[in-house]
Amino acid sequence: MKEAIHERSWVEIDLAVFRHNLNVLKGYLLAGQSFMQIVKADAYGHGAKEISEAALASGAVYLGVANAEEGRVLRLQSCKAPILILSPALISEIPKILEYDLSPSISDLSFASALSTEARKSNKEITIHLKIDTGMHRSGVDVSRARTFYDAVAKLPNLKIEGIFSHFASAENDSQFTKRQEKLFQDLISSLEQPPRYVHISNSAGLIGGYGKFCNLVRLGIASFGIRQDGNKDIPLKPVMSFKSSLIQIKDIRAGESVGYQREWFAKKDGRYGIIPVGYADGYDFLLSNKSVVLIRDRICPVIGRISMDMLTVDLSHLDEASLGDEVILLGDENENLRVENISSIYHGSAYELLCQVGRRAKRFYRIEDHILHSTPLARRDFVAKDFDNSKLNHIISAALAERLDDQEIGEMIYREILRNFFYNKDRDIHYRKDFHHEISFAKSDSEDFYLASTHLSYKKVLSSDFFIIACASSNESLRTFLMDPRVEYRWLLDAKLSLHPHNFIVNAVRVNGLDLHTTLEQDSGSLLIRCSHPKLRSLINSELDFEINTTTLYPKSSHQFSVFISELTQGVQISFEFPEDLSHVEPVSIFSGQEKNPPITFEDHRISIKTKPDEWIFPLSGVVFAY
Ligand SMILES: *Cc1c(COP(=O)(O)O)cnc(C)c1O
């Protein structure tokens with residue numbers, strides 16, 4: 001039983017049908033031939049992501065797009081397959097080509113040298129395909145100059161000629177011209193000592209017509225979407241896309257009355273007609289006015305009157321059983337009349353164009369036979385959060401943070417530390433710190449070069465495990481790993497001149513709700529790990545407790561600065577720094593991300609403190625640098 005969809009209009013893409021078409025087409029491939037799936041223009045309106053994934057799963061070795069931006073979008077959707085840009089690229093698209101590892105097609109030496117220069121600068125090798133014009137006379141280097149062109153491009157550093165290709169002008173209906181193109185291309189390939197890895201000329205019609213047998217790659221577009229062209233009317237290709245709507249109103253009409261703008265249709269006798277909420281703004285071509293048909297309850301109904309922007313009207317006089325809310329098939333069905341190639345031929349249009357323009361206001365539903373997999377939201381210019389499901393929103397939030405902060409790592413960390421807690425823990429046990437106090441005091445030590453640094457840390461937090469770790473790192477790298485480690489409650493970076501020994505980093509007390517925890521030392525190569533635990537902790541898991549950590553260590557005088565950073569989402573922060581008399585001038589520089597960028601700072605004799613409002617949320621990597 002088909003799952004019902006209730007929308008004003010929608011597009012269904014059946015991925016099982018797409019796979020079926022690919023299987024039919026793969027039957028035409030010779031041994032040693034593989035195929036590139038063309039997904040330009042959002043896979044002819046079918047959705048580049050979904051079609052690419054399905055095609056790759058069916059054996060496609062390459063994807064073809066129209067421009068760098070289409071390639072970039074696929075990359076951002078985690079597509080790893082090789083991607084060829086079919087149209088010539090602009091010089092301004094070179095950075096995108098490099099960043100997203102796209103293969104441009106090359107029809108121009110000056111572009112190739114610019115690409116080579118940029119590739120060399122960024123120390124990358126770009127795979128390219130040379131485009132040869134064998135008579136289509138659109139893009140590509142004229143075949144008469146192709147040999148020289150090939151040799152010139154081959155000399156350019158950091159470019160790798162991975163492919164060479166040409167394109168048929170009318171493989172579906174002009175065999176004489178197609179054979180001429182094929183011959184010119186084949187002669188060129190034979191003249192190469194070592195042809196590149198991929199040699200390709202055929203599109204869908206070329207493959208079905210049996211051209212390009214000397215090639216090892218074909219580029220499949222229109223036929224994979226189930227459109228039949230001249231010369232292949234009997235092939236069992238099925239439409240992948242159907243465009244549907246609902247009957248929103250049914251009315252009676254009397255003989256002699258007209259329907260729609262400019263009164264182009266008149267009722268010859270009394271009858272009934274229906275209104276469908278789809279017009280040319282939805283991609284239903286205006287030229288179909290008075291000419292087209294739709295399918296309701298498996299019956300053909302003629303479109304009457306002009307197509308409006310948002311509505312069209314159909315004759316229901318022969319269909320007494322039609323009722324409000326009935327599903328209307330506008331395009332794409334096993335019924336021959338509804339095939340895109342037949343509807344587009346009504347106005348001498350192009351099936352390619354109709355596919356690309358269909359459903360501009362419709363959601364796309366992906367299905368495998370009767371089962372709906374998922375739907376994609378309406379395409380809007382502005383971001384509307386409600387359009388997206390949670391997993392998509394999580395991805396958007398994480399990507400937006402990274403983009404806004406211009407730092408992937410910090411963006412991911414903030415996302416991970418804060419938002420994951422909010423979103424993934426459905427029970428809302430958010431393990432943030434509250435009422436965070438960090439007091440540091442520097443005093444004279446036995447050594448000339450170091451201050452004795454005492455730290456007192458206290459905060460409230462929900463206990464998540466029956467132990468936690470205090471970490472003392474000897475390098476920035478190991479400190480960094482502790483920042484990412486949820487078991488670590490407190491971390492310290494020991495000066496490189498000090499040995500990583502417990503007498504240089506003393507944990508004086510670790511308490512949870514006044515309970516003194518047992519500490520055991522674990523040492524690894526770059527850090528001291530102090531494991532803090534107590535048998536009673538287990539029963540306290542999931543309750544909010546008071547944490548207290550006191551340490552004594554040494555801090556180099558020569559550093560001239562001391563930083564305190566917040567490593568987790570924290571509500572309410574107070575940081576204070578007490579320093580000895582020999583430090584006459586200490587300058588606090590605070591970096592706070594959250595609502596309040598500049599929390600108030602108070603200066604006493606030898607003490608500086610910074611305090612946010614108690615309910616203020618402080619984001620990770622906020623903190624203070626005390627410069628002395
Ligand atoms: C669009 C395109 C194709 C696919 O053609 P179909 O007729 O849809 O199979 C193949 N090659 C190139 C260069 C194209 O631009």
# chains A, B, ... in the order shown; residues from 1 in each chain; ligands from 1
call {"tool": "residues_near_ligand", "arguments": {"ligand": "ligand 1", "cutoff": "7 Å", "atoms": "only C-alpha atoms and all ligand atoms", "output": "list of chain:residue names"}}
result
A:Ile38, A:Lys40, A:Leu86, A:His167, A:Ser202, A:Asn203, A:Ser204, A:Ala205, A:Arg219, A:Leu220, A:Gly221, A:Ile222, A:Ala223
call {"tool": "residues_around", "arguments": {"residues": "A:Arg297", "least_positions_apart": "2", "cutoff": "12 Å", "atoms": "only C-alpha atoms", "output": "PyMOL selection string"}}
result
chain A and resi 246-247+294-295+299-301+316+318-329+335
call {"tool": "write_last_selection", "arguments": {"atoms": "C-alpha atoms", "output": "mmCIF file, in the first residue's frame"}}
result
data_model
loop_
_atom_site.group_PDB
_atom_site.id
_atom_site.type_symbol
_atom_site.label_atom_id
_atom_site.label_comp_id
_atom_site.auth_asym_id
_atom_site.auth_seq_id
_atom_site.Cartn_x
_atom_site.Cartn_y
_atom_site.Cartn_z
ATOM 1 C CA SER A 246 -4.440 17.493 -5.476
ATOM 2 C CA LEU A 247 -7.795 18.568 -6.726
ATOM 3 C CA VAL A 294 -3.407 15.312 -16.326
ATOM 4 C CA LEU A 295 -4.286 11.962 -14.778
ATOM 5 C CA ARG A 299 -8.320 8.806 -16.283
ATOM 6 C CA ILE A 300 -6.965 11.420 -18.639
ATOM 7 C CA CYS A 301 -8.366 14.928 -18.089
ATOM 8 C CA LEU A 316 -13.906 16.774 -15.338
ATOM 9 C CA HIS A 318 -16.360 12.783 -18.119
ATOM 10 C CA LEU A 319 -15.269 11.952 -14.589
ATOM 11 C CA ASP A 320 -18.274 11.933 -12.259
ATOM 12 C CA GLU A 321 -16.374 10.112 -9.528
ATOM 13 C CA ALA A 322 -13.712 12.845 -9.207
ATOM 14 C CA SER A 323 -13.798 14.327 -5.735
ATOM 15 C CA LEU A 324 -12.082 16.987 -3.691
ATOM 16 C CA GLY A 325 -8.561 16.007 -2.579
ATOM 17 C CA ASP A 326 -8.060 13.455 -5.362
ATOM 18 C CA GLU A 327 -4.450 12.906 -6.334
ATOM 19 C CA VAL A 328 -3.593 14.484 -9.676
ATOM 20 C CA ILE A 329 -0.616 13.260 -11.690
ATOM 21 C CA ASN A 335 0.734 6.093 -18.550
#
call {"tool": "residues_around", "arguments": {"residues": "A:Arg487", "least_positions_apart": "3", "cutoff": "9 Å", "atoms": "only C-alpha atoms", "output": "PyMOL selection string"}}
result
chain A and resi 465+467-470+482
call {"tool": "select_by_dssp", "arguments": {"residues": "stretch 151-350 of chain A", "states": "strand (DSSP E or B)", "output": "PyMOL selection string"}}
result
chain A and resi 159-166+198-200+217-220+241-246+249-253+258-259+265-266+271-276+293-296+299-304+312-315+327-331
call {"tool": "select_by_dssp", "arguments": {"residues": "stretch 213-362 of chain A", "states": "alpha helix (DSSP H)", "output": "list in words"}}
result
Val340, Glu341, Asn342, Ile343, Ser344, Ser345, Ile346, Ala351, Tyr352, Glu353, Leu354, Leu355, Cys356 and Gln357 of chain A
call {"tool": "residues_around", "arguments": {"residues": "A:Ser478", "least_positions_apart": "3", "cutoff": "10 Å", "atoms": "only C-alpha atoms", "output": "PDB file with N, CA and C atoms, in the first residue's frame"}}
result
ATOM      1  N   ALA A 471      44.586  16.571  35.274  1.00  0.00           N
ATOM      2  CA  ALA A 471      45.693  16.289  34.367  1.00  0.00           C
ATOM      3  C   ALA A 471      46.710  17.410  34.391  1.00  0.00           C
ATOM      4  N   CYS A 472      47.964  17.030  34.448  1.00  0.00           N
ATOM      5  CA  CYS A 472      49.045  18.004  34.361  1.00  0.00           C
ATOM      6  C   CYS A 472      49.856  17.652  33.123  1.00  0.00           C
ATOM      7  N   ALA A 473      49.829  18.540  32.141  1.00  0.00           N
ATOM      8  CA  ALA A 473      50.461  18.242  30.858  1.00  0.00           C
ATOM      9  C   ALA A 473      51.797  18.948  30.761  1.00  0.00           C
ATOM     10  N   SER A 474      52.683  18.374  29.952  1.00  0.00           N
ATOM     11  CA  SER A 474      53.984  19.028  29.782  1.00  0.00           C
ATOM     12  C   SER A 474      54.104  19.680  28.410  1.00  0.00           C
ATOM     13  N   SER A 475      53.075  19.519  27.582  1.00  0.00           N
ATOM     14  CA  SER A 475      53.125  20.172  26.268  1.00  0.00           C
ATOM     15  C   SER A 475      51.725  20.639  25.890  1.00  0.00           C
ATOM     16  N   THR A 481      44.588  17.518  24.130  1.00  0.00           N
ATOM     17  CA  THR A 481      43.808  16.276  24.176  1.00  0.00           C
ATOM     18  C   THR A 481      42.974  16.229  25.458  1.00  0.00           C
ATOM     19  N   PHE A 482      43.499  16.835  26.530  1.00  0.00           N
ATOM     20  CA  PHE A 482      42.710  16.846  27.769  1.00  0.00           C
ATOM     21  C   PHE A 482      41.489  17.753  27.658  1.00  0.00           C
ATOM     22  N   LEU A 483      41.624  18.803  26.837  1.00  0.00           N
ATOM     23  CA  LEU A 483      40.476  19.694  26.640  1.00  0.00           C
ATOM     24  C   LEU A 483      39.303  18.929  26.044  1.00  0.00           C
ATOM     25  N   LEU A 493      49.109  23.229  32.584  1.00  0.00           N
ATOM     26  CA  LEU A 493      50.271  23.051  31.705  1.00  0.00           C
ATOM     27  C   LEU A 493      51.535  23.373  32.500  1.00  0.00           C
ATOM     28  N   SER A 525      53.705   9.291  29.177  1.00  0.00           N
ATOM     29  CA  SER A 525      54.921   9.957  28.687  1.00  0.00           C
ATOM     30  C   SER A 525      54.843  11.483  28.809  1.00  0.00           C
ATOM     31  N   GLY A 526      53.706  12.073  28.453  1.00  0.00           N
ATOM     32  CA  GLY A 526      53.677  13.533  28.409  1.00  0.00           C
ATOM     33  C   GLY A 526      52.837  14.181  29.481  1.00  0.00           C
ATOM     34  N   SER A 527      52.412  13.423  30.505  1.00  0.00           N
ATOM     35  CA  SER A 527      51.502  14.038  31.462  1.00  0.00           C
ATOM     36  C   SER A 527      51.427  13.262  32.768  1.00  0.00           C
TER      37      SER A 527
END
call {"tool": "residues_around", "arguments": {"residues": "A:Gln37", "least_positions_apart": "5", "cutoff": "9 Å", "atoms": "only C-alpha atoms", "output": "list in words"}}
result
Ala43, Ile51, Ser52, Ala55, Leu56, Ala60, Val61, Tyr62, Leu63, Gly64, Val218, Arg219, Leu220, Gly221 and Ser224 of chain A
call {"tool": "decode", "arguments": {"residues": "stretch 42-76 of chain A", "atoms": "N, CA, C and O atoms", "output": "compact mmCIF listing (two decimals), in the first residue's frame"}}
result
# COMPACT_ATOMS: atom_id res chain seq x y z
N ASP A 42 21.17 19.82 -10.43
CA ASP A 42 20.55 19.02 -9.37
C ASP A 42 20.00 17.70 -9.93
O ASP A 42 18.89 17.29 -9.60
N ALA A 43 20.85 17.07 -10.75
CA ALA A 43 20.47 15.80 -11.38
C ALA A 43 19.15 15.95 -12.13
O ALA A 43 18.19 15.20 -11.90
N TYR A 44 19.11 16.92 -13.04
CA TYR A 44 17.93 17.19 -13.88
C TYR A 44 16.70 17.33 -12.99
O TYR A 44 15.60 16.86 -13.32
N GLY A 45 16.90 17.99 -11.84
CA GLY A 45 15.79 18.23 -10.94
C GLY A 45 15.45 17.08 -10.00
O GLY A 45 14.53 17.17 -9.21
N HIS A 46 16.22 15.98 -10.07
CA HIS A 46 15.90 14.81 -9.25
C HIS A 46 16.60 14.84 -7.89
O HIS A 46 16.31 14.01 -7.03
N GLY A 47 17.56 15.78 -7.71
CA GLY A 47 18.31 15.83 -6.45
C GLY A 47 19.69 15.20 -6.63
O GLY A 47 19.81 13.98 -6.69
N ALA A 48 20.71 16.05 -6.71
CA ALA A 48 22.06 15.57 -7.01
C ALA A 48 22.59 14.62 -5.94
O ALA A 48 23.24 13.63 -6.25
N LYS A 49 22.28 14.91 -4.69
CA LYS A 49 22.82 14.08 -3.61
C LYS A 49 22.27 12.65 -3.70
O LYS A 49 23.02 11.69 -3.75
N GLU A 50 20.96 12.55 -3.74
CA GLU A 50 20.33 11.23 -3.73
C GLU A 50 20.67 10.44 -4.98
O GLU A 50 20.94 9.24 -4.92
N ILE A 51 20.64 11.13 -6.14
CA ILE A 51 20.94 10.43 -7.39
C ILE A 51 22.40 9.99 -7.42
O ILE A 51 22.72 8.88 -7.84
N SER A 52 23.31 10.87 -6.94
CA SER A 52 24.72 10.49 -6.92
C SER A 52 24.92 9.25 -6.06
O SER A 52 25.60 8.30 -6.47
N GLU A 53 24.34 9.27 -4.88
CA GLU A 53 24.53 8.13 -3.98
C GLU A 53 23.99 6.85 -4.60
O GLU A 53 24.65 5.80 -4.57
N ALA A 54 22.80 6.94 -5.21
CA ALA A 54 22.22 5.74 -5.82
C ALA A 54 23.06 5.27 -7.01
O ALA A 54 23.28 4.07 -7.19
N ALA A 55 23.56 6.24 -7.80
CA ALA A 55 24.34 5.86 -8.99
C ALA A 55 25.66 5.23 -8.58
O ALA A 55 26.09 4.23 -9.16
N LEU A 56 26.31 5.81 -7.56
CA LEU A 56 27.59 5.25 -7.12
C LEU A 56 27.39 3.83 -6.59
O LEU A 56 28.20 2.94 -6.84
N ALA A 57 26.25 3.65 -5.89
CA ALA A 57 25.97 2.30 -5.38
C ALA A 57 25.70 1.34 -6.53
O ALA A 57 25.88 0.13 -6.39
N SER A 58 25.28 1.86 -7.68
CA SER A 58 25.03 1.00 -8.85
C SER A 58 26.24 0.91 -9.76
O SER A 58 26.13 0.42 -10.88
N GLY A 59 27.37 1.44 -9.33
CA GLY A 59 28.60 1.23 -10.09
C GLY A 59 29.14 2.42 -10.85
O GLY A 59 30.15 2.28 -11.55
N ALA A 60 28.52 3.61 -10.72
CA ALA A 60 29.09 4.79 -11.40
C ALA A 60 30.50 5.03 -10.86
O ALA A 60 30.75 4.87 -9.66
N VAL A 61 31.42 5.42 -11.75
CA VAL A 61 32.79 5.67 -11.30
C VAL A 61 33.09 7.16 -11.26
O VAL A 61 34.14 7.58 -10.77
N TYR A 62 32.20 7.97 -11.79
CA TYR A 62 32.44 9.41 -11.86
C TYR A 62 31.10 10.12 -11.79
O TYR A 62 30.06 9.53 -12.10
N LEU A 63 31.13 11.37 -11.36
CA LEU A 63 29.92 12.20 -11.40
C LEU A 63 30.21 13.40 -12.28
O LEU A 63 31.34 13.89 -12.30
N GLY A 64 29.21 13.86 -13.01
CA GLY A 64 29.39 15.03 -13.87
C GLY A 64 28.47 16.16 -13.43
O GLY A 64 27.27 15.95 -13.24
N VAL A 65 29.06 17.35 -13.24
CA VAL A 65 28.26 18.52 -12.84
C VAL A 65 28.51 19.65 -13.85
O VAL A 65 29.39 19.54 -14.69
N ALA A 66 27.73 20.72 -13.73
CA ALA A 66 27.85 21.80 -14.71
C ALA A 66 28.94 22.80 -14.32
O ALA A 66 29.57 23.40 -15.17
N ASN A 67 29.12 22.99 -13.01
CA ASN A 67 30.05 24.04 -12.58
C ASN A 67 30.63 23.71 -11.22
O ASN A 67 30.21 22.76 -10.56
N ALA A 68 31.60 24.53 -10.80
CA ALA A 68 32.31 24.25 -9.56
C ALA A 68 31.37 24.28 -8.35
O ALA A 68 31.52 23.49 -7.42
N GLU A 69 30.40 25.18 -8.38
CA GLU A 69 29.49 25.29 -7.24
C GLU A 69 28.69 23.99 -7.04
O GLU A 69 28.53 23.53 -5.91
N GLU A 70 28.23 23.41 -8.13
CA GLU A 70 27.50 22.14 -8.00
C GLU A 70 28.41 21.06 -7.40
O GLU A 70 27.96 20.24 -6.61
N GLY A 71 29.66 21.10 -7.81
CA GLY A 71 30.62 20.13 -7.26
C GLY A 71 30.85 20.37 -5.78
O GLY A 71 30.89 19.43 -4.97
N ARG A 72 30.97 21.63 -5.43
CA ARG A 72 31.22 21.99 -4.03
C ARG A 72 30.06 21.52 -3.14
O ARG A 72 30.28 20.97 -2.07
N VAL A 73 28.83 21.73 -3.61
CA VAL A 73 27.68 21.32 -2.81
C VAL A 73 27.72 19.81 -2.57
O VAL A 73 27.51 19.34 -1.45
N LEU A 74 28.07 19.05 -3.60
CA LEU A 74 28.16 17.60 -3.41
C LEU A 74 29.24 17.26 -2.38
O LEU A 74 29.05 16.39 -1.53
N ARG A 75 30.38 17.96 -2.45
CA ARG A 75 31.43 17.71 -1.47
C ARG A 75 30.95 18.01 -0.06
O ARG A 75 31.23 17.27 0.87
N LEU A 76 30.22 19.12 0.08
CA LEU A 76 29.72 19.48 1.41
C LEU A 76 28.71 18.46 1.91
O LEU A 76 28.46 18.34 3.09
